[in-house]
Amino acid sequence: MINRISVADRRYALAKNAGSDAIHRDPVYSYAVTYLHDDSGVTGTGLAFTLGEGNDLVCKAAAFYAEQLKGKDIEDVMHDFGKLFSQFSNEQQFRWLGPHKGVVHLGLASVTNACFDLWAKKRGVPLWSLLNSLDAEAIVRLLDLSYLEDELTAEQALELINTQSAGKLARHVILEKGYPGYDTSIGWFNYTDEQVKQNVAKAVANGFTAMKLKVGSTDPQRDITRAHIVREAAGDAARVMLDANQQWTLPQAISICDELKKMDPYWIEEPTHPDDVLAHKVLADHIAPFRLALGEHVPNRIIFKNYLQTGSAGFMQVDAVRVGGVSEFITVSLLCKKYNVPVVPHVGDMGQLHQHLVLFNHISLGHEALLLEHIPHLKDHFVFPVNVSDGVYHTPQEPGSSCDLKN
């Protein structure tokens, strides 16, 4: 039984220029951390990710939700978690502050993720193993499918999951092979061109065949030059992604993407305002067959539904520490499966939690084991840091979701 809760505001300064992009020039990687203390001595840890200021507000929201779990057994909580998630996300006063977005939804993410961590720890298994052991009915009970009825009913979700069961055993090979990663740390916005070139060489030497460059400069020529630097240093076979972090207007995006297409990007990420679904549709049609990647700043399943309905995204980057946690992440993954759009998560937790979720996506939902973002800057702060070598994530074995932080 959960007999105590606590919440912590954890902030980590980064090395010079690390983490910088076109919008966030000096980020402080931060977690709103929820701890659910069970009377058995096990503690569930859940994370939501921010970039510094305001992290304390997320902590306050998380504490509000977590307090309501005191006195409950985690097995009872998780048996029908979708209903609890709906209740929390529609709480009458907090809903006015969202709904389903912003500080309150990040707080809910922290608590949701702590529930999943505690559940796996109490069962003594890694989260990926627990999720992959569930039958379709148990998975669907974890989800809030409200506002999705026009695209994904509970019956349709069951069918989607059950359809993938035939190939599930064969897909377990990923546990031995490791999940492919891509390196984001080669090309932070404030790095010099020479640093970028050197970092690409290091990434290739470390086995990465995919990497990402931050773009969105006031001078588009800088982006074009740097994109070609990465392409030349990485080679023609490498997958090179470009991330504008919402910097451009639609006319600017159309103009600069026409130039960036010449270096053969694997995707162009977050080109304009994340709420402007129709602008992304216009741009997606314009740059085809090149594809957009979207989702880092998409806060909930309903807006993801809209992006899928309009065909705006070639890759979905749902982030379990940005949406309402693991439950909503799975919901979005199911929507993407229906539309046959690959899920390549943004890793606001630096890959700790998401290394479990992509294994579930692949094994149980049949998503292609495509790529998982790798950012190493907070690795030393985790009790069980991700194990990445030769360009792949190696399967975690410890119980839980790998989110415990060192004191």
# chains A, B, ... in the order shown; residues from 1 in each chain; ligands from 1
>>> residues_around(residues="Gln317 of chain A", least_positions_apart="4", cutoff="10 Å", atoms="only C-alpha atoms", output="PyMOL selection string")
chain A and resi 269-270+293-298+304+313+329+332-333+342-347+372-373
>>> residues_around(residues="segment 230-246 of chain A", least_positions_apart="3", cutoff="8 Å", atoms="only C-alpha atoms", output="PyMOL selection string")
chain A and resi 21-23+196-197+200-201+204+209-216+226-227+263-274
>>> residues_around(residues="Asn132 of chain A", least_positions_apart="5", cutoff="9 Å", atoms="only C-alpha atoms", output="PDB file with N, CA and C atoms, in the first residue's frame")
ATOM      1  N   LEU A 127      10.241  -2.549 -16.519  1.00  0.00           N
ATOM      2  CA  LEU A 127       8.955  -2.094 -17.045  1.00  0.00           C
ATOM      3  C   LEU A 127       8.677  -2.682 -18.420  1.00  0.00           C
ATOM      4  N   LEU A 359      10.758  -0.773 -26.524  1.00  0.00           N
ATOM      5  CA  LEU A 359      10.741  -2.237 -26.569  1.00  0.00           C
ATOM      6  C   LEU A 359       9.305  -2.756 -26.538  1.00  0.00           C
ATOM      7  N   PHE A 360       8.452  -2.111 -25.759  1.00  0.00           N
ATOM      8  CA  PHE A 360       7.030  -2.453 -25.768  1.00  0.00           C
ATOM      9  C   PHE A 360       6.408  -2.118 -27.121  1.00  0.00           C
ATOM     10  N   ASN A 361       6.705  -0.925 -27.629  1.00  0.00           N
ATOM     11  CA  ASN A 361       6.162  -0.536 -28.935  1.00  0.00           C
ATOM     12  C   ASN A 361       6.483  -1.566 -30.008  1.00  0.00           C
ATOM     13  N   ILE A 363       7.739  -4.889 -29.609  1.00  0.00           N
ATOM     14  CA  ILE A 363       7.363  -6.278 -29.353  1.00  0.00           C
ATOM     15  C   ILE A 363       5.849  -6.465 -29.328  1.00  0.00           C
ATOM     16  N   SER A 364       5.136  -5.634 -28.603  1.00  0.00           N
ATOM     17  CA  SER A 364       3.693  -5.836 -28.434  1.00  0.00           C
ATOM     18  C   SER A 364       2.835  -5.121 -29.472  1.00  0.00           C
TER      19      SER A 364
END
>>> closest_residue(among="A:Val326, A:Ala320, A:Leu152, A:Val392", to="Tyr339 of chain A", atoms="only C-alpha atoms")
A:Leu152
>>> closest_residue(among="A:Ala369, A:Leu278, A:Ala205, A:Leu106", to="His172 of chain A", atoms="only C-alpha atoms")
A:Ala369
>>> residues_around(residues="Glu328 of chain A", least_positions_apart="2", cutoff="10 Å", atoms="only C-alpha atoms", output="PyMOL selection string")
chain A and resi 82+85+109+112+142-145+299-301+318-320+322-326+330-334
>>> write_last_selection(atoms="N, CA and C atoms", output="JSON list (two decimals), in the first residue's frame")
[["chain", "number", "residue", "atom", "x", "y", "z"],
["A", 82, "GLY", "N", -6.69, 3.56, -16.63],
["A", 82, "GLY", "CA", -7.27, 4.51, -17.58],
["A", 82, "GLY", "C", -8.37, 5.36, -16.95],
["A", 85, "PHE", "N", -6.67, 7.87, -14.64],
["A", 85, "PHE", "CA", -6.04, 8.92, -15.44],
["A", 85, "PHE", "C", -7.09, 9.93, -15.91],
["A", 109, "ALA", "N", 2.00, 13.63, -15.48],
["A", 109, "ALA", "CA", 2.99, 12.73, -16.08],
["A", 109, "ALA", "C", 3.93, 12.19, -15.01],
["A", 112, "THR", "N", 1.95, 9.63, -12.93],
["A", 112, "THR", "CA", 1.68, 8.44, -13.75],
["A", 112, "THR", "C", 2.93, 7.58, -13.88],
["A", 142, "LEU", "N", -5.35, 0.31, -19.16],
["A", 142, "LEU", "CA", -4.40, 1.33, -18.72],
["A", 142, "LEU", "C", -4.66, 2.69, -19.36],
["A", 143, "LEU", "N", -5.52, 2.73, -20.38],
["A", 143, "LEU", "CA", -5.61, 3.89, -21.26],
["A", 143, "LEU", "C", -6.90, 4.67, -21.09],
["A", 144, "ASP", "N", -6.79, 5.97, -21.30],
["A", 144, "ASP", "CA", -7.94, 6.86, -21.41],
["A", 144, "ASP", "C", -8.13, 7.17, -22.89],
["A", 145, "LEU", "N", -9.17, 6.60, -23.48],
["A", 145, "LEU", "CA", -9.41, 6.77, -24.92],
["A", 145, "LEU", "C", -10.49, 7.83, -25.20],
["A", 299, "PRO", "N", 1.24, 18.18, -26.41],
["A", 299, "PRO", "CA", 1.02, 17.82, -25.01],
["A", 299, "PRO", "C", 0.04, 16.69, -24.74],
["A", 300, "ASN", "N", -0.77, 16.29, -25.75],
["A", 300, "ASN", "CA", -1.79, 15.30, -25.44],
["A", 300, "ASN", "C", -2.22, 14.51, -26.67],
["A", 301, "ARG", "N", -2.95, 13.45, -26.42],
["A", 301, "ARG", "CA", -3.36, 12.50, -27.46],
["A", 301, "ARG", "C", -4.29, 13.13, -28.49],
["A", 318, "VAL", "N", 6.31, 11.37, -29.68],
["A", 318, "VAL", "CA", 5.62, 11.44, -28.39],
["A", 318, "VAL", "C", 6.62, 11.17, -27.27],
["A", 319, "ASP", "N", 6.51, 11.94, -26.19],
["A", 319, "ASP", "CA", 7.45, 11.91, -25.08],
["A", 319, "ASP", "C", 6.67, 11.65, -23.79],
["A", 320, "ALA", "N", 6.99, 10.55, -23.10],
["A", 320, "ALA", "CA", 6.25, 10.15, -21.91],
["A", 320, "ALA", "C", 6.49, 11.05, -20.72],
["A", 322, "ARG", "N", 6.39, 14.35, -21.28],
["A", 322, "ARG", "CA", 5.77, 15.59, -21.79],
["A", 322, "ARG", "C", 4.25, 15.44, -21.85],
["A", 323, "VAL", "N", 3.76, 14.33, -22.44],
["A", 323, "VAL", "CA", 2.33, 14.03, -22.36],
["A", 323, "VAL", "C", 2.04, 13.53, -20.94],
["A", 324, "GLY", "N", 0.88, 12.94, -20.71],
["A", 324, "GLY", "CA", 0.50, 12.58, -19.36],
["A", 324, "GLY", "C", 1.14, 11.33, -18.81],
["A", 325, "GLY", "N", 2.28, 10.92, -19.35],
["A", 325, "GLY", "CA", 3.00, 9.78, -18.83],
["A", 325, "GLY", "C", 2.87, 8.54, -19.70],
["A", 326, "VAL", "N", 3.28, 7.41, -19.14],
["A", 326, "VAL", "CA", 3.34, 6.15, -19.90],
["A", 326, "VAL", "C", 1.99, 5.80, -20.50],
["A", 330, "ILE", "N", 1.35, 5.25, -24.55],
["A", 330, "ILE", "CA", 0.86, 4.03, -25.20],
["A", 330, "ILE", "C", -0.35, 4.33, -26.07],
["A", 331, "THR", "N", -1.23, 5.20, -25.59],
["A", 331, "THR", "CA", -2.40, 5.59, -26.37],
["A", 331, "THR", "C", -1.98, 6.20, -27.71],
["A", 332, "VAL", "N", -1.02, 7.11, -27.68],
["A", 332, "VAL", "CA", -0.54, 7.74, -28.92],
["A", 332, "VAL", "C", 0.13, 6.71, -29.82],
["A", 333, "SER", "N", 0.87, 5.78, -29.23],
["A", 333, "SER", "CA", 1.52, 4.73, -30.02],
["A", 333, "SER", "C", 0.49, 3.88, -30.76],
["A", 334, "LEU", "N", -0.64, 3.60, -30.10],
["A", 334, "LEU", "CA", -1.70, 2.84, -30.77],
["A", 334, "LEU", "C", -2.30, 3.64, -31.92]]
>>> residues_around(residues="His24 of chain A", least_positions_apart="5", cutoff="10 Å", atoms="only C-alpha atoms", output="ChimeraX atom specification")
/A:19,51,189,245
>>> residues_around(residues="Ser402 of chain A", least_positions_apart="5", cutoff="8 Å", atoms="only C-alpha atoms", output="list in words")
Gln352, Leu353, Phe382, Val383, Phe384, Pro385, Val386 and Pro396 of chain A
>>> residues_around(residues="segment 305-308 of chain A", least_positions_apart="6", cutoff="10 Å", atoms="only C-alpha atoms", output="ChimeraX atom specification")
/A:147-148,150-152,275-278,280-281,294-295,298,314-316,332,335-336,338-341
>>> decode(residues="segment 219-268 of chain A", atoms="N, CA and C atoms", output="short mmCIF file (atom, residue, chain, number, x, y, z; two decimals), in the first residue's frame")
data_model
loop_
_atom_site.label_atom_id
_atom_site.label_comp_id
_atom_site.auth_asym_id
_atom_site.auth_seq_id
_atom_site.Cartn_x
_atom_site.Cartn_y
_atom_site.Cartn_z
N ASP A 219 20.12 33.61 -39.62
CA ASP A 219 20.70 33.58 -40.96
C ASP A 219 20.57 32.15 -41.51
N PRO A 220 19.65 31.91 -42.43
CA PRO A 220 19.45 30.56 -42.95
C PRO A 220 20.71 29.94 -43.55
N GLN A 221 21.60 30.78 -44.05
CA GLN A 221 22.82 30.25 -44.67
C GLN A 221 23.66 29.49 -43.64
N ARG A 222 23.62 29.93 -42.39
CA ARG A 222 24.35 29.20 -41.35
C ARG A 222 23.82 27.78 -41.23
N ASP A 223 22.50 27.62 -41.23
CA ASP A 223 21.91 26.28 -41.16
C ASP A 223 22.30 25.43 -42.35
N ILE A 224 22.25 26.02 -43.52
CA ILE A 224 22.57 25.28 -44.75
C ILE A 224 24.01 24.81 -44.71
N THR A 225 24.91 25.71 -44.33
CA THR A 225 26.34 25.36 -44.27
C THR A 225 26.58 24.24 -43.26
N ARG A 226 25.98 24.36 -42.08
CA ARG A 226 26.21 23.36 -41.03
C ARG A 226 25.59 22.01 -41.40
N ALA A 227 24.44 22.04 -42.06
CA ALA A 227 23.82 20.79 -42.48
C ALA A 227 24.72 20.04 -43.46
N HIS A 228 25.35 20.78 -44.36
CA HIS A 228 26.26 20.13 -45.32
C HIS A 228 27.55 19.67 -44.64
N ILE A 229 27.97 20.38 -43.58
CA ILE A 229 29.13 19.93 -42.81
C ILE A 229 28.85 18.56 -42.21
N VAL A 230 27.67 18.41 -41.61
CA VAL A 230 27.31 17.13 -41.01
C VAL A 230 27.19 16.04 -42.06
N ARG A 231 26.56 16.35 -43.17
CA ARG A 231 26.41 15.35 -44.23
C ARG A 231 27.77 14.89 -44.73
N GLU A 232 28.67 15.82 -44.96
CA GLU A 232 30.00 15.46 -45.47
C GLU A 232 30.78 14.64 -44.44
N ALA A 233 30.69 15.04 -43.17
CA ALA A 233 31.44 14.34 -42.13
C ALA A 233 30.86 12.96 -41.84
N ALA A 234 29.55 12.83 -41.94
CA ALA A 234 28.89 11.57 -41.60
C ALA A 234 28.86 10.58 -42.75
N GLY A 235 28.89 11.10 -43.98
CA GLY A 235 28.82 10.23 -45.15
C GLY A 235 27.41 10.13 -45.68
N ASP A 236 27.31 9.71 -46.93
CA ASP A 236 26.01 9.67 -47.60
C ASP A 236 25.06 8.63 -47.00
N ALA A 237 25.60 7.59 -46.39
CA ALA A 237 24.75 6.51 -45.87
C ALA A 237 24.11 6.86 -44.53
N ALA A 238 24.63 7.85 -43.84
CA ALA A 238 24.12 8.18 -42.51
C ALA A 238 22.76 8.86 -42.61
N ARG A 239 21.95 8.64 -41.58
CA ARG A 239 20.70 9.37 -41.45
C ARG A 239 20.99 10.66 -40.68
N VAL A 240 20.73 11.79 -41.31
CA VAL A 240 20.96 13.09 -40.68
C VAL A 240 19.63 13.80 -40.53
N MET A 241 19.27 14.11 -39.28
CA MET A 241 18.02 14.79 -38.99
C MET A 241 18.29 16.25 -38.65
N LEU A 242 17.36 17.13 -38.98
CA LEU A 242 17.48 18.56 -38.73
C LEU A 242 16.33 19.03 -37.85
N ASP A 243 16.65 19.78 -36.79
CA ASP A 243 15.65 20.15 -35.80
C ASP A 243 15.64 21.66 -35.60
N ALA A 244 14.52 22.30 -35.98
CA ALA A 244 14.41 23.76 -35.91
C ALA A 244 13.79 24.25 -34.60
N ASN A 245 13.30 23.34 -33.76
CA ASN A 245 12.71 23.73 -32.47
C ASN A 245 11.73 24.89 -32.58
N GLN A 246 10.84 24.81 -33.58
CA GLN A 246 9.69 25.72 -33.73
C GLN A 246 10.06 27.15 -34.13
N GLN A 247 11.25 27.36 -34.65
CA GLN A 247 11.77 28.70 -34.84
C GLN A 247 11.14 29.44 -36.02
N TRP A 248 10.71 28.73 -37.07
CA TRP A 248 10.31 29.39 -38.31
C TRP A 248 8.81 29.68 -38.38
N THR A 249 8.46 30.75 -39.09
CA THR A 249 7.09 30.91 -39.56
C THR A 249 6.90 29.95 -40.73
N LEU A 250 5.67 29.77 -41.16
CA LEU A 250 5.42 28.87 -42.30
C LEU A 250 6.13 29.35 -43.57
N PRO A 251 6.04 30.63 -43.95
CA PRO A 251 6.79 31.04 -45.16
C PRO A 251 8.29 30.84 -45.03
N GLN A 252 8.83 31.11 -43.85
CA GLN A 252 10.26 30.86 -43.65
C GLN A 252 10.58 29.37 -43.77
N ALA A 253 9.74 28.54 -43.19
CA ALA A 253 9.97 27.09 -43.23
C ALA A 253 9.96 26.57 -44.67
N ILE A 254 9.02 27.05 -45.47
CA ILE A 254 8.96 26.61 -46.87
C ILE A 254 10.24 26.98 -47.59
N SER A 255 10.70 28.22 -47.38
CA SER A 255 11.89 28.70 -48.08
C SER A 255 13.14 27.94 -47.66
N ILE A 256 13.38 27.82 -46.35
CA ILE A 256 14.61 27.19 -45.87
C ILE A 256 14.58 25.68 -46.12
N CYS A 257 13.43 25.05 -46.01
CA CYS A 257 13.36 23.60 -46.25
C CYS A 257 13.66 23.27 -47.70
N ASP A 258 13.29 24.16 -48.61
CA ASP A 258 13.64 23.95 -50.02
C ASP A 258 15.15 23.85 -50.19
N GLU A 259 15.89 24.60 -49.40
CA GLU A 259 17.36 24.54 -49.48
C GLU A 259 17.91 23.34 -48.72
N LEU A 260 17.35 23.07 -47.55
CA LEU A 260 17.86 21.98 -46.73
C LEU A 260 17.61 20.61 -47.36
N LYS A 261 16.61 20.51 -48.19
CA LYS A 261 16.33 19.23 -48.85
C LYS A 261 17.52 18.76 -49.68
N LYS A 262 18.37 19.68 -50.10
CA LYS A 262 19.47 19.33 -50.99
C LYS A 262 20.52 18.45 -50.32
N MET A 263 20.56 18.45 -48.97
CA MET A 263 21.53 17.58 -48.29
C MET A 263 20.90 16.26 -47.82
N ASP A 264 19.68 15.99 -48.28
CA ASP A 264 19.00 14.72 -48.06
C ASP A 264 18.78 14.43 -46.57
N PRO A 265 18.00 15.27 -45.88
CA PRO A 265 17.73 15.01 -44.46
C PRO A 265 16.78 13.82 -44.29
N TYR A 266 16.98 13.06 -43.22
CA TYR A 266 16.08 11.95 -42.92
C TYR A 266 14.73 12.48 -42.47
N TRP A 267 14.75 13.54 -41.67
CA TRP A 267 13.53 14.28 -41.36
C TRP A 267 13.89 15.72 -41.01
N ILE A 268 12.88 16.59 -41.04
CA ILE A 268 12.99 17.96 -40.55
C ILE A 268 12.01 18.07 -39.39
#
